[in-house]
$ cat input-v3.pdb   # PDB, C-alpha atoms
ATOM      1  CA  MET A  15      -7.855  18.559 -17.620
ATOM      2  CA  ILE A  16      -8.390  15.003 -16.388
ATOM      3  CA  THR A  17      -8.820  14.488 -12.646
ATOM      4  CA  ALA A  18      -7.685  11.092 -11.395
ATOM      5  CA  ILE A  19      -7.569   9.650  -7.881
ATOM      6  CA  SER A  20      -4.817   7.210  -6.996
ATOM      7  CA  LEU A  21      -6.930   4.581  -5.234
ATOM      8  CA  GLY A  22      -4.965   2.191  -3.040
ATOM      9  CA  TRP A  23      -8.029   1.094  -1.018
ATOM     10  CA  GLY A  24      -6.389   2.205   2.226
ATOM     11  CA  VAL A  25      -7.883   4.628   4.751
ATOM     12  CA  GLN A  26      -6.735   7.862   3.132
ATOM     13  CA  SER A  27      -7.449   7.086  -0.505
ATOM     14  CA  PHE A  28     -10.837   5.542   0.294
ATOM     15  CA  THR A  29     -11.762   8.608   2.343
ATOM     16  CA  MET A  30     -10.820  10.838  -0.558
ATOM     17  CA  VAL A  31     -12.799   8.896  -3.163
ATOM     18  CA  ALA A  32     -15.798   8.538  -0.818
ATOM     19  CA  MET A  33     -15.766  12.301  -0.245
ATOM     20  CA  SER A  34     -15.924  12.788  -4.001
ATOM     21  CA  ALA A  35     -18.765  10.261  -4.271
ATOM     22  CA  LEU A  36     -20.743  12.074  -1.552
ATOM     23  CA  GLY A  37     -20.101  15.577  -2.864
ATOM     24  CA  GLU A  38     -17.694  16.781  -0.181
ATOM     25  CA  LEU A  39     -14.977  16.917  -2.836
ATOM     26  CA  PRO A  40     -15.504  17.699  -6.537
ATOM     27  CA  PRO A  41     -16.263  14.868  -8.961
ATOM     28  CA  VAL A  42     -13.320  13.065 -10.544
ATOM     29  CA  ASP A  43     -12.997  11.510 -13.966
ATOM     30  CA  VAL A  44     -11.504   8.263 -12.761
ATOM     31  CA  ALA A  45     -10.188   6.478  -9.685
ATOM     32  CA  ILE A  46      -7.268   4.258 -10.669
ATOM     33  CA  HIS A  47      -6.361   1.255  -8.564
ATOM     34  CA  ALA A  48      -2.895  -0.094  -9.331
ATOM     35  CA  ASP A  49      -3.263  -3.715  -8.256
ATOM     36  CA  THR A  50       0.096  -5.217  -7.263
ATOM     37  CA  ARG A  51      -1.564  -8.691  -7.249
ATOM     38  CA  HIS A  52       0.008  -9.135  -3.817
ATOM     39  CA  GLU A  53      -2.340  -7.133  -1.567
ATOM     40  CA  ARG A  54      -3.710  -8.604   1.638
ATOM     41  CA  SER A  55      -6.894 -10.627   1.255
ATOM     42  CA  ASP A  56      -8.778  -8.173   3.485
ATOM     43  CA  THR A  57      -8.002  -5.360   1.025
ATOM     44  CA  TYR A  58      -9.416  -7.299  -1.924
ATOM     45  CA  ARG A  59     -12.562  -8.105   0.061
ATOM     46  CA  PHE A  60     -12.972  -4.452   0.992
ATOM     47  CA  ALA A  61     -12.549  -3.344  -2.632
ATOM     48  CA  ALA A  62     -15.105  -5.903  -3.810
ATOM     49  CA  ARG A  63     -17.624  -4.657  -1.246
ATOM     50  CA  TRP A  64     -17.275  -0.933  -1.908
ATOM     51  CA  SER A  65     -16.523  -0.676  -5.634
ATOM     52  CA  GLY A  66     -20.201  -0.911  -6.554
ATOM     53  CA  TRP A  67     -21.143   1.689  -3.949
ATOM     54  CA  LEU A  68     -18.682   4.157  -5.453
ATOM     55  CA  GLU A  69     -19.692   3.436  -9.034
ATOM     56  CA  ASP A  70     -23.376   3.871  -8.153
ATOM     57  CA  ARG A  71     -22.427   7.387  -7.055
ATOM     58  CA  GLY A  72     -20.654   8.295 -10.262
ATOM     59  CA  VAL A  73     -17.068   7.271  -9.549
ATOM     60  CA  ARG A  74     -15.475   5.379 -12.413
ATOM     61  CA  ILE A  75     -13.009   2.789 -11.090
ATOM     62  CA  VAL A  76     -10.253   1.412 -13.301
ATOM     63  CA  THR A  77      -7.893  -1.332 -12.154
ATOM     64  CA  VAL A  78      -4.449  -1.582 -13.748
ATOM     65  CA  SER A  79      -1.518  -3.928 -13.130
ATOM     66  CA  ASN A  80       1.983  -4.698 -14.203
ATOM     67  CA  PRO A  81       1.549  -7.185 -17.086
ATOM     68  CA  GLN A  82       4.111  -9.432 -15.386
ATOM     69  CA  PRO A  83       2.833  -9.621 -11.778
ATOM     70  CA  ASN A  84       5.856 -11.541 -10.483
ATOM     71  CA  SER A  85       8.392  -9.388 -12.304
ATOM     72  CA  GLY A  86      10.813  -7.892  -9.818
ATOM     73  CA  LEU A  87       9.597 -10.134  -7.012
ATOM     74  CA  THR A  88      11.863 -13.121  -6.463
ATOM     75  CA  GLY A  89      14.546 -12.923  -9.156
ATOM     76  CA  PRO A  90      18.016 -11.350  -8.910
ATOM     77  CA  GLN A  91      16.509  -7.950  -9.739
ATOM     78  CA  THR A  92      13.960  -8.079  -6.913
ATOM     79  CA  ASP A  93      12.254  -4.712  -6.455
ATOM     80  CA  ILE A  94      11.128  -5.118  -2.863
ATOM     81  CA  PRO A  95      13.167  -3.395  -0.123
ATOM     82  CA  ALA A  96      14.294  -6.660   1.451
ATOM     83  CA  PHE A  97      16.615  -6.683   4.445
ATOM     84  CA  THR A  98      20.102  -8.035   3.737
ATOM     85  CA  PHE A  99      22.676  -9.923   5.789
ATOM     86  CA  ASN A 100      25.978 -11.491   4.718
ATOM     87  CA  GLY A 101      27.041 -12.935   8.055
ATOM     88  CA  LYS A 102      28.580  -9.645   9.197
ATOM     89  CA  THR A 103      26.813  -6.633   7.739
ATOM     90  CA  ASN A 104      23.152  -5.598   7.758
ATOM     91  CA  GLY A 105      21.579  -3.588   4.959
ATOM     92  CA  GLN A 106      18.418  -3.072   2.939
ATOM     93  CA  LEU A 107      17.704  -3.020  -0.778
ATOM     94  CA  ARG A 108      16.295   0.098  -2.414
ATOM     95  CA  ARG A 109      12.519   0.083  -2.797
ATOM     96  CA  GLN A 110      11.532  -0.090  -6.465
ATOM     97  CA  CYS A 111       8.243  -1.993  -6.195
ATOM     98  CA  THR A 112       6.094   1.144  -5.887
ATOM     99  CA  GLY A 113       7.383   2.400  -9.219
ATOM    100  CA  SER A 114       7.179  -0.923 -11.037
ATOM    101  CA  TRP A 115       3.875  -2.156  -9.635
ATOM    102  CA  LYS A 116       1.927   1.071  -9.056
ATOM    103  CA  ILE A 117       3.263   4.230 -10.679
ATOM    104  CA  GLU A 118       4.202   2.771 -14.064
ATOM    105  CA  PRO A 119       0.876   0.930 -14.665
ATOM    106  CA  MET A 120      -1.111   4.041 -13.704
ATOM    107  CA  ARG A 121       0.929   6.244 -16.001
ATOM    108  CA  ARG A 122       0.580   3.821 -18.899
ATOM    109  CA  TRP A 123      -3.203   4.011 -18.519
ATOM    110  CA  LEU A 124      -3.197   7.806 -18.222
ATOM    111  CA  GLN A 125      -0.980   8.225 -21.285
ATOM    112  CA  ALA A 126      -3.266   5.966 -23.314
ATOM    113  CA  ASN A 127      -6.452   7.768 -22.235
ATOM    114  CA  ARG A 128      -5.668  11.422 -21.609
ATOM    115  CA  ASN A 129      -5.834  12.444 -25.304
ATOM    116  CA  GLY A 130      -3.145  15.050 -24.770
ATOM    117  CA  ASP A 131      -4.873  16.627 -21.765
ATOM    118  CA  GLN A 132      -3.088  17.508 -18.552
ATOM    119  CA  VAL A 133      -3.763  15.271 -15.545
ATOM    120  CA  GLU A 134      -4.445  16.375 -11.988
ATOM    121  CA  GLN A 135      -3.698  13.342  -9.850
ATOM    122  CA  TRP A 136      -5.137  13.259  -6.336
ATOM    123  CA  ILE A 137      -2.968  11.379  -3.853
ATOM    124  CA  GLY A 138      -4.203  10.281  -0.432
ATOM    125  CA  ILE A 139      -1.506  11.608   1.853
ATOM    126  CA  SER A 140      -2.643  13.018   5.195
ATOM    127  CA  THR A 141      -1.062  15.560   7.529
ATOM    128  CA  ASP A 142       0.696  12.930   9.653
ATOM    129  CA  GLU A 143       2.747  11.848   6.626
ATOM    130  CA  PHE A 144       3.315  15.233   4.969
ATOM    131  CA  GLN A 145       6.963  14.314   4.352
ATOM    132  CA  ARG A 146       5.745  12.057   1.521
ATOM    133  CA  ILE A 147       4.486  15.020  -0.545
ATOM    134  CA  ARG A 148       6.221  15.154  -3.905
ATOM    135  CA  THR A 149       6.064  17.268  -7.044
ATOM    136  CA  SER A 150       5.297  15.167 -10.111
ATOM    137  CA  ASP A 151       8.339  14.176 -12.125
ATOM    138  CA  VAL A 152       6.442  14.191 -15.439
ATOM    139  CA  LYS A 153       5.183  17.336 -17.144
ATOM    140  CA  TYR A 154       1.658  16.145 -17.941
ATOM    141  CA  ILE A 155       0.769  15.284 -14.297
ATOM    142  CA  THR A 156       0.212  17.726 -11.440
ATOM    143  CA  ASN A 157       0.007  16.114  -8.017
ATOM    144  CA  ARG A 158      -2.681  17.330  -5.647
ATOM    145  CA  TYR A 159      -3.177  16.401  -1.991
ATOM    146  CA  PRO A 160      -6.786  17.141  -0.938
ATOM    147  CA  LEU A 161      -6.384  15.709   2.568
ATOM    148  CA  ILE A 162      -3.440  18.034   3.197
ATOM    149  CA  GLU A 163      -5.515  20.948   1.901
ATOM    150  CA  MET A 164      -8.295  20.021   4.357
ATOM    151  CA  ARG A 165      -5.730  19.511   7.146
ATOM    152  CA  MET A 166      -6.925  15.962   7.745
ATOM    153  CA  SER A 167      -4.847  13.345   9.531
ATOM    154  CA  ARG A 168      -5.351   9.610   9.200
ATOM    155  CA  ARG A 169      -7.335   9.693  12.423
ATOM    156  CA  ASP A 170      -9.536  12.442  10.973
ATOM    157  CA  CYS A 171     -10.166  10.196   7.950
ATOM    158  CA  VAL A 172     -11.239   7.333  10.202
ATOM    159  CA  ARG A 173     -13.582   9.635  12.108
ATOM    160  CA  TRP A 174     -15.087  10.938   8.870
ATOM    161  CA  LEU A 175     -15.724   7.415   7.575
ATOM    162  CA  VAL A 176     -17.389   6.419  10.845
ATOM    163  CA  ARG A 177     -19.617   9.522  10.789
ATOM    164  CA  GLN A 178     -20.743   8.608   7.283
ATOM    165  CA  GLY A 179     -21.528   5.045   8.307
ATOM    166  CA  LEU A 180     -18.811   3.684   6.020
ATOM    167  CA  ASP A 181     -16.415   0.846   6.766
ATOM    168  CA  VAL A 182     -12.830   1.666   7.699
ATOM    169  CA  PRO A 183     -10.511  -0.207   5.320
ATOM    170  CA  PRO A 184      -7.512  -2.244   6.431
ATOM    171  CA  LYS A 185      -4.057  -0.887   5.724
ATOM    172  CA  SER A 186      -3.176  -1.388   2.075
ATOM    173  CA  ALA A 187       0.150  -3.159   1.542
ATOM    174  CA  CYS A 188       1.583  -6.292  -0.016
ATOM    175  CA  VAL A 189       1.424  -9.307   2.290
ATOM    176  CA  PHE A 190       5.230  -9.582   2.345
ATOM    177  CA  CYS A 191       6.059  -5.872   2.616
ATOM    178  CA  PRO A 192       9.292  -5.377   4.606
ATOM    179  CA  TYR A 193       7.849  -2.150   6.036
ATOM    180  CA  HIS A 194       5.194  -3.997   8.084
ATOM    181  CA  ASN A 195       5.351  -3.140  11.753
ATOM    182  CA  TRP A 196       4.827  -5.714  14.503
ATOM    183  CA  ARG A 197       1.049  -5.271  14.584
ATOM    184  CA  GLU A 198       0.690  -5.716  10.817
ATOM    185  CA  TRP A 199       2.826  -8.854  10.800
ATOM    186  CA  HIS A 200       0.792 -10.213  13.704
ATOM    187  CA  GLU A 201      -2.485  -9.542  11.888
ATOM    188  CA  ILE A 202      -1.198 -11.477   8.870
ATOM    189  CA  TYR A 203       0.121 -14.251  11.109
ATOM    190  CA  VAL A 204      -3.260 -14.858  12.766
ATOM    191  CA  SER A 205      -5.433 -14.150   9.705
ATOM    192  CA  GLY A 206      -5.888 -17.750   8.620
ATOM    193  CA  ASN A 207      -6.624 -16.674   5.031
ATOM    194  CA  GLY A 208      -3.412 -17.772   3.322
ATOM    195  CA  ASP A 209      -1.619 -14.418   3.502
ATOM    196  CA  TRP A 210       0.903 -15.656   6.049
ATOM    197  CA  GLU A 211       1.795 -18.659   3.913
ATOM    198  CA  LYS A 212       2.225 -16.419   0.863
ATOM    199  CA  ALA A 213       4.557 -14.107   2.793
ATOM    200  CA  ILE A 214       6.634 -17.083   3.940
ATOM    201  CA  GLY A 215       6.827 -18.324   0.341
ATOM    202  CA  VAL A 216       8.186 -15.003  -0.901
ATOM    203  CA  ASP A 217      10.623 -14.778   2.011
ATOM    204  CA  LYS A 218      12.048 -18.187   1.123
ATOM    205  CA  ALA A 219      12.123 -17.454  -2.616
ATOM    206  CA  ILE A 220      14.236 -14.293  -2.277
ATOM    207  CA  ARG A 221      16.755 -15.707   0.193
ATOM    208  CA  LYS A 222      19.591 -16.371  -2.293
ATOM    209  CA  ALA A 223      18.556 -13.880  -4.997
ATOM    210  CA  ARG A 224      21.443 -11.472  -4.325
ATOM    211  CA  PRO A 225      24.588 -13.388  -3.307
ATOM    212  CA  PRO A 226      26.662 -12.961  -1.224
ATOM    213  CA  PHE A 227      23.798 -11.459   0.788
ATOM    214  CA  ASP A 228      20.825 -13.378   2.146
ATOM    215  CA  LEU A 229      17.528 -11.506   1.784
ATOM    216  CA  PHE A 230      14.665 -11.397   4.291
ATOM    217  CA  VAL A 231      11.272  -9.707   4.412
ATOM    218  CA  HIS A 232      11.449  -9.183   8.186
ATOM    219  CA  LEU A 233      13.687  -6.720  10.016
ATOM    220  CA  ALA A 234      14.935  -9.529  12.280
ATOM    221  CA  ARG A 235      16.781 -10.960   9.264
ATOM    222  CA  ILE A 236      15.766 -14.513  10.052
ATOM    223  CA  PRO A 237      13.316 -16.742   8.146
ATOM    224  CA  LEU A 238       9.830 -15.341   8.561
ATOM    225  CA  GLU A 239       8.414 -18.551  10.030
ATOM    226  CA  GLN A 240      10.971 -18.258  12.853
ATOM    227  CA  VAL A 241       9.943 -14.729  13.882
ATOM    228  CA  ASP A 242       8.186 -14.749  17.261
ATOM    229  CA  LEU A 243       4.941 -12.841  16.677
ATOM    230  CA  ARG A 244       3.208 -13.861  19.873
ATOM    231  CA  THR A 245       1.844 -11.056  22.015
ATOM    232  CA  PRO A 246       3.434 -10.464  25.431
ATOM    233  CA  GLU A 247       0.248 -11.879  26.942
ATOM    234  CA  GLU A 248       0.637 -15.035  24.837
ATOM    235  CA  LYS A 249       4.175 -15.288  26.195
ATOM    236  CA  GLY A 250       2.841 -14.976  29.747
ATOM    237  CA  GLN A 251       4.067 -11.399  30.197
ATOM    238  CA  LEU A 252       2.236  -8.319  31.414
ATOM    239  CA  SER A 253       2.479  -5.707  28.633
ATOM    240  CA  LEU A 254       1.526  -2.041  28.844
ATOM    241  CA  TRP A 255       2.579  -1.089  25.318
ATOM    242  CA  GLN A 256       4.054  -2.442  22.107
ATOM    243  CA  ASP A 257       7.270  -1.255  20.488
ATOM    244  CA  GLU A 258       6.902  -1.027  16.718
ATOM    245  CA  CYS A 259       9.098  -0.264  13.755
ATOM    246  CA  THR A 260       7.699   2.319  11.378
ATOM    247  CA  GLY A 261       7.001   2.242   7.638
ATOM    248  CA  VAL A 262       6.026   4.628   4.906
ATOM    249  CA  CYS A 263       4.332   2.339   2.410
ATOM    250  CA  GLY A 264       0.699   2.311   1.339
ATOM    251  CA  VAL A 265      -2.200   4.777   1.399
TER     252      VAL A 265
END
$ encode --input "input-v3.pdb" --output "structure tokens"
Amino acid sequence: MITAISLGWGVQSFTMVAMSALGELPPVDVAIHADTRHERSDTYRFAARWSGWLEDRGVRIVTVSNPQPNSGLTGPQTDIPAFTFNGKTNGQLRRQCTGSWKIEPMRRWLQANRNGDQVEQWIGISTDEFQRIRTSDVKYITNRYPLIEMRMSRRDCVRWLVRQGLDVPPKSACVFCPYHNWREWHEIYVSGNGDWEKAIGVDKAIRKARPPFDLFVHLARIPLEQVDLRTPEEKGQLSLWQDECTGVCGV
């Protein structure tokens, strides 16, 4: 049996792999990071800082990627769940990027290295997103959800990381992910690290990929650079809370 962690470098998966490194979870054979090549800059910085710490504590980290990083991004077969508009009707494309950019590269690596053994794959889903639990659709992989077993929510993961003196990672997601909520878009907008410009570039590139529909990365279905991401305070308003759309991408 091979034990593999799906390492997305988000809060839940980093908590899980850090627990293994510190002995609060059993050792694993490998932690596999499926790099989409489109993650936020903060995620890559976090991974660079903490990879050595994990490896010093016996965690083997392997990074895999789709051999064609822009495949399924801006062409007519775009895999991202872009929002659609044809002048009358709103819609959204089916999300295929997770399969193409994450699941398939991980499975290619596992098939090439498992030597016929079964694989127990640990996935960082917490109690507040239990609806994402799935049974593996391939016979040689059994999915396991240690955070669910320990009844840990995302907030519990953050508290555990803080108690251990570890950094809390940023949310893991592609810079142009249509599932970003207002806060995530705002963070990218003010980041000043090039992520915002990359998201705008993808938004423009997909616009005419699926005629007769125009495609957009933002729910507003207008060009991303036209979306008003100012805070209510920046608009001169008094705000007591923020309304947000919800998403289910990234661990």
$ closest_residue --input "input-v3.pdb" --among "A:Gly37, A:Pro192, A:Pro81, A:Pro246" --to "Arg109 of chain A" --atoms "only C-alpha atoms"
A:Pro192
$ closest_residue --input "input-v3.pdb" --among "A:Gly86, A:Gly138, A:Gly113, A:Pro40" --to "Gly72 of chain A" --atoms "only C-alpha atoms"
A:Pro40
$ atom_distance --input "input-v3.pdb" --atom1 "atom CA of Ser114 of chain A" --atom2 "atom CA of Val31 of chain A"
23.6 Å
$ closest_residue --input "input-v3.pdb" --among "A:Gly101, A:Gly22, A:Gly130, A:Gly179" --to "Thr77 of chain A" --atoms "all atoms listed in the file"
A:Gly22
$ closest_residue --input "input-v3.pdb" --among "A:Ala62, A:Ile137, A:Ala96, A:Val189" --to "Phe227 of chain A" --atoms "all atoms listed in the file"
A:Ala96
$ atom_distance --input "input-v3.pdb" --atom1 "atom CA of Val42 of chain A" --atom2 "atom CA of Ile16 of chain A"
7.9 Å
$ residues_around --input "input-v3.pdb" --residues "Tyr58 of chain A" --least-positions-apart "5" --cutoff "10 Å" --atoms "all atoms listed in the file" --output "VMD selection string"
chain A and resid 23 49 51 to 53 63 184 186
$ atom_distance --input "input-v3.pdb" --atom1 "atom CA of Thr50 of chain A" --atom2 "atom CA of Asp151 of chain A"
21.6 Å
$ closest_residue --input "input-v3.pdb" --among "A:Arg177, A:Lys102, A:Arg235, A:Arg244" --to "Trp196 of chain A" --atoms "all atoms listed in the file"
A:Arg244
$ residues_around --input "input-v3.pdb" --residues "Ala61 of chain A" --least-positions-apart "3" --cutoff "12 Å" --atoms "all atoms listed in the file" --output "PyMOL selection string"
chain A and resi 21-25+27-28+47+49+53-58+64-69+75-77+181-184+186
